[in-house]
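Scroll down for the structure; my scribbles are underneath it.
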Amino acid sequence: MDNIKDIKILIVDDDKNFREILRLNLQKAGFINIEEANDGEEALNLIHNFKPELIILDVMMPNKDGVDVALEMKSHGDLKNTNFIFLTNYGEDIIKEGIEVDKKIAQELGALDFFRKTDDLNILINKIKEIFRI
């Protein structure tokens, strides 16, 4: 990508407040081509038209969760190479086993990375910049 403004990012999360905070942080970092989806079904509909370079994908959502979305993307030829990062609500001190399971699933499904929503969003934004060599 030549220009940070051209990178298409899709945020998929059922928490509207989190999506808004993440969007604002991404915009502050220079990313402006951002779409949002409330759940996995909405995301899959948007992915075909929006064609994001990166999807920030919540693991736990109603209708279709992040794992289902990732599996469906992997089964479609034109979507199987779509970059995605998994997000989870699990806190480090709450459910360590859940985090480890989610990390393992993320790796097996080809996620570029895995972040907790409680982590500093700057770490996520820096990872995105690293992915696109910005």
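Residue numbering restarts at 1 for every chain of the structure tokens, chains are lettered A, B, ... in their displayed order, and ligands are numbered from 1 as they appear.
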**OP:** Excluding A:Val67 and any residue of its chain fewer than 6 positions from it, enumerate the residues within 12 Å of it, using only C-alpha atoms, and give them as a list in words.
**Re:**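 Neighbouring residues, sequence-local ones excluded: Val12, Asp39, Gly40, Glu41, Leu57, Asp58, Val59, Met60, Met61, Met73, Lys74, Phe84, Ile85, Phe86, Leu87, Thr88, Val101, Asp102, Lys103, Lys104, Ile105, Ala106, Gln107, Glu108, Leu109, Gly110 and Ala111 of chain A.
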Convert the current residue selection to file output with C-alpha atoms, as a PDB file, in the first residue's frame.
```pdb
ATOM      1  CA  VAL A  12     -16.327  -6.526  13.093  1.00  0.00           C
ATOM      2  CA  ASP A  39     -21.810  -9.369  13.601  1.00  0.00           C
ATOM      3  CA  GLY A  40     -20.410 -12.100  11.395  1.00  0.00           C
ATOM      4  CA  GLU A  41     -23.318 -12.201   8.968  1.00  0.00           C
ATOM      5  CA  LEU A  57     -12.556  -9.575  13.904  1.00  0.00           C
ATOM      6  CA  ASP A  58     -14.147 -10.198  17.309  1.00  0.00           C
ATOM      7  CA  VAL A  59     -14.114 -13.865  18.285  1.00  0.00           C
ATOM      8  CA  MET A  60     -17.414 -13.920  20.221  1.00  0.00           C
ATOM      9  CA  MET A  61     -20.471 -12.409  18.483  1.00  0.00           C
ATOM     10  CA  MET A  73     -13.526 -16.755   4.240  1.00  0.00           C
ATOM     11  CA  LYS A  74     -11.063 -19.651   3.976  1.00  0.00           C
ATOM     12  CA  PHE A  84      -7.481 -10.650   9.697  1.00  0.00           C
ATOM     13  CA  ILE A  85      -6.683 -10.073  13.340  1.00  0.00           C
ATOM     14  CA  PHE A  86      -8.755 -11.675  16.076  1.00  0.00           C
ATOM     15  CA  LEU A  87     -10.029  -9.736  19.102  1.00  0.00           C
ATOM     16  CA  THR A  88     -11.346 -11.163  22.358  1.00  0.00           C
ATOM     17  CA  VAL A 101      -7.706 -21.667  23.197  1.00  0.00           C
ATOM     18  CA  ASP A 102      -8.503 -18.506  21.223  1.00  0.00           C
ATOM     19  CA  LYS A 103      -4.812 -17.951  20.384  1.00  0.00           C
ATOM     20  CA  LYS A 104      -4.499 -21.526  19.140  1.00  0.00           C
ATOM     21  CA  ILE A 105      -7.646 -21.215  17.011  1.00  0.00           C
ATOM     22  CA  ALA A 106      -6.414 -17.878  15.658  1.00  0.00           C
ATOM     23  CA  GLN A 107      -3.108 -19.432  14.589  1.00  0.00           C
ATOM     24  CA  GLU A 108      -4.794 -22.447  13.016  1.00  0.00           C
ATOM     25  CA  LEU A 109      -7.187 -20.228  11.034  1.00  0.00           C
ATOM     26  CA  GLY A 110      -4.373 -18.016   9.783  1.00  0.00           C
ATOM     27  CA  ALA A 111      -5.001 -14.859  11.796  1.00  0.00           C
TER      28      ALA A 111
END
```
Original post:
Using the chain letters and numbers from this document, which residues of chain A does DSSP assign to helix (DSSP H, G or I), as number ranges by chain?
Top reply: A: 4-6, 16-28, 40-50, 66-75, 96-109, 121-131
For those residues, write C-alpha atoms to a file as an mmCIF file, in the first residue's frame.
```
data_model
loop_
_atom_site.group_PDB
_atom_site.id
_atom_site.type_symbol
_atom_site.label_atom_id
_atom_site.label_comp_id
_atom_site.auth_asym_id
_atom_site.auth_seq_id
_atom_site.Cartn_x
_atom_site.Cartn_y
_atom_site.Cartn_z
ATOM 1 C CA ILE A 4 -2.228 4.738 4.653
ATOM 2 C CA LYS A 5 -5.489 6.427 3.607
ATOM 3 C CA ASP A 6 -6.069 3.814 0.883
ATOM 4 C CA LYS A 16 -20.775 -0.537 19.187
ATOM 5 C CA ASN A 17 -18.784 1.507 21.721
ATOM 6 C CA PHE A 18 -15.642 -0.534 21.133
ATOM 7 C CA ARG A 19 -16.040 -0.223 17.348
ATOM 8 C CA GLU A 20 -16.367 3.551 17.686
ATOM 9 C CA ILE A 21 -13.302 3.855 19.937
ATOM 10 C CA LEU A 22 -11.242 1.650 17.614
ATOM 11 C CA ARG A 23 -12.422 3.587 14.547
ATOM 12 C CA LEU A 24 -11.473 6.917 16.150
ATOM 13 C CA ASN A 25 -8.025 5.591 17.086
ATOM 14 C CA LEU A 26 -7.465 4.239 13.574
ATOM 15 C CA GLN A 27 -8.560 7.556 12.060
ATOM 16 C CA LYS A 28 -6.224 9.442 14.388
ATOM 17 C CA GLY A 40 -20.410 -12.100 11.395
ATOM 18 C CA GLU A 41 -23.318 -12.201 8.968
ATOM 19 C CA GLU A 42 -23.146 -8.468 8.344
ATOM 20 C CA ALA A 43 -19.369 -8.767 7.957
ATOM 21 C CA LEU A 44 -19.579 -11.472 5.295
ATOM 22 C CA ASN A 45 -22.012 -9.339 3.295
ATOM 23 C CA LEU A 46 -19.707 -6.308 3.557
ATOM 24 C CA ILE A 47 -16.516 -8.216 2.753
ATOM 25 C CA HIS A 48 -17.650 -9.065 -0.777
ATOM 26 C CA ASN A 49 -18.419 -5.440 -1.676
ATOM 27 C CA PHE A 50 -15.872 -3.544 0.432
ATOM 28 C CA GLY A 66 -15.349 -14.670 14.339
ATOM 29 C CA VAL A 67 -14.315 -18.294 13.927
ATOM 30 C CA ASP A 68 -17.285 -18.923 11.607
ATOM 31 C CA VAL A 69 -16.401 -15.833 9.566
ATOM 32 C CA ALA A 70 -12.763 -16.922 9.268
ATOM 33 C CA LEU A 71 -13.771 -20.446 8.223
ATOM 34 C CA GLU A 72 -16.184 -19.097 5.632
ATOM 35 C CA MET A 73 -13.526 -16.755 4.240
ATOM 36 C CA LYS A 74 -11.063 -19.651 3.976
ATOM 37 C CA SER A 75 -13.609 -21.647 1.964
ATOM 38 C CA LYS A 96 -6.351 -17.816 30.888
ATOM 39 C CA GLU A 97 -7.543 -21.091 29.375
ATOM 40 C CA GLY A 98 -9.965 -19.200 27.110
ATOM 41 C CA ILE A 99 -7.185 -16.930 25.880
ATOM 42 C CA GLU A 100 -4.922 -19.870 25.067
ATOM 43 C CA VAL A 101 -7.706 -21.667 23.197
ATOM 44 C CA ASP A 102 -8.503 -18.506 21.223
ATOM 45 C CA LYS A 103 -4.812 -17.951 20.384
ATOM 46 C CA LYS A 104 -4.499 -21.526 19.140
ATOM 47 C CA ILE A 105 -7.646 -21.215 17.011
ATOM 48 C CA ALA A 106 -6.414 -17.878 15.658
ATOM 49 C CA GLN A 107 -3.108 -19.432 14.589
ATOM 50 C CA GLU A 108 -4.794 -22.447 13.016
ATOM 51 C CA LEU A 109 -7.187 -20.228 11.034
ATOM 52 C CA LEU A 121 -5.033 0.033 21.138
ATOM 53 C CA ASN A 122 -1.726 1.623 20.128
ATOM 54 C CA ILE A 123 -0.213 -1.867 20.124
ATOM 55 C CA LEU A 124 -2.891 -2.990 17.671
ATOM 56 C CA ILE A 125 -2.424 0.088 15.494
ATOM 57 C CA ASN A 126 1.353 -0.413 15.459
ATOM 58 C CA LYS A 127 0.811 -4.043 14.414
ATOM 59 C CA ILE A 128 -1.418 -2.864 11.553
ATOM 60 C CA LYS A 129 1.245 -0.390 10.449
ATOM 61 C CA GLU A 130 3.818 -3.199 10.601
ATOM 62 C CA ILE A 131 1.595 -5.466 8.468
#
```
Original post:
Using only C-alpha atoms, which of the listed residues (A:Glu36, A:Asp119, A:Asn3, A:Asp113) sits closest to A:Asp15?
Top reply: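 Of the candidates, the smallest distance to A:Asp15 is held by A:Glu36.
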Subject >> Those of stretch 15-130 of chain A in DSSP strand (DSSP E or B), formatted as a VMD selection string >> reply: chain A and resid 33 to 37 54 to 58 83 to 88 113 to 116
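Note that the spacing between atom CA of A:Asn63 and atom CA of A:Asn33 amounts to 25.5 Å.
The space between atom CA of A:Ile11 and atom CA of A:Gly30 spans 15.5 Å.
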**OP:** Compare A:Lys117, A:Ala37, A:Leu54, A:Asp65 by their minimum atom-to-atom distance to A:Leu79, counting only C-alpha atoms, and give me the closest one.
**Re:**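 Ranking A:Lys117, A:Ala37, A:Leu54, A:Asp65 by distance to A:Leu79, first place goes to A:Leu54.
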Original post:
Taking into account only C-alpha atoms, which residue in the set A:His76, A:Asn38, A:Ile56, A:Phe132 is nearest to A:Arg116?
Top reply: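 Using only C-alpha atoms, the shortest distance to A:Arg116 belongs to A:Ile56.
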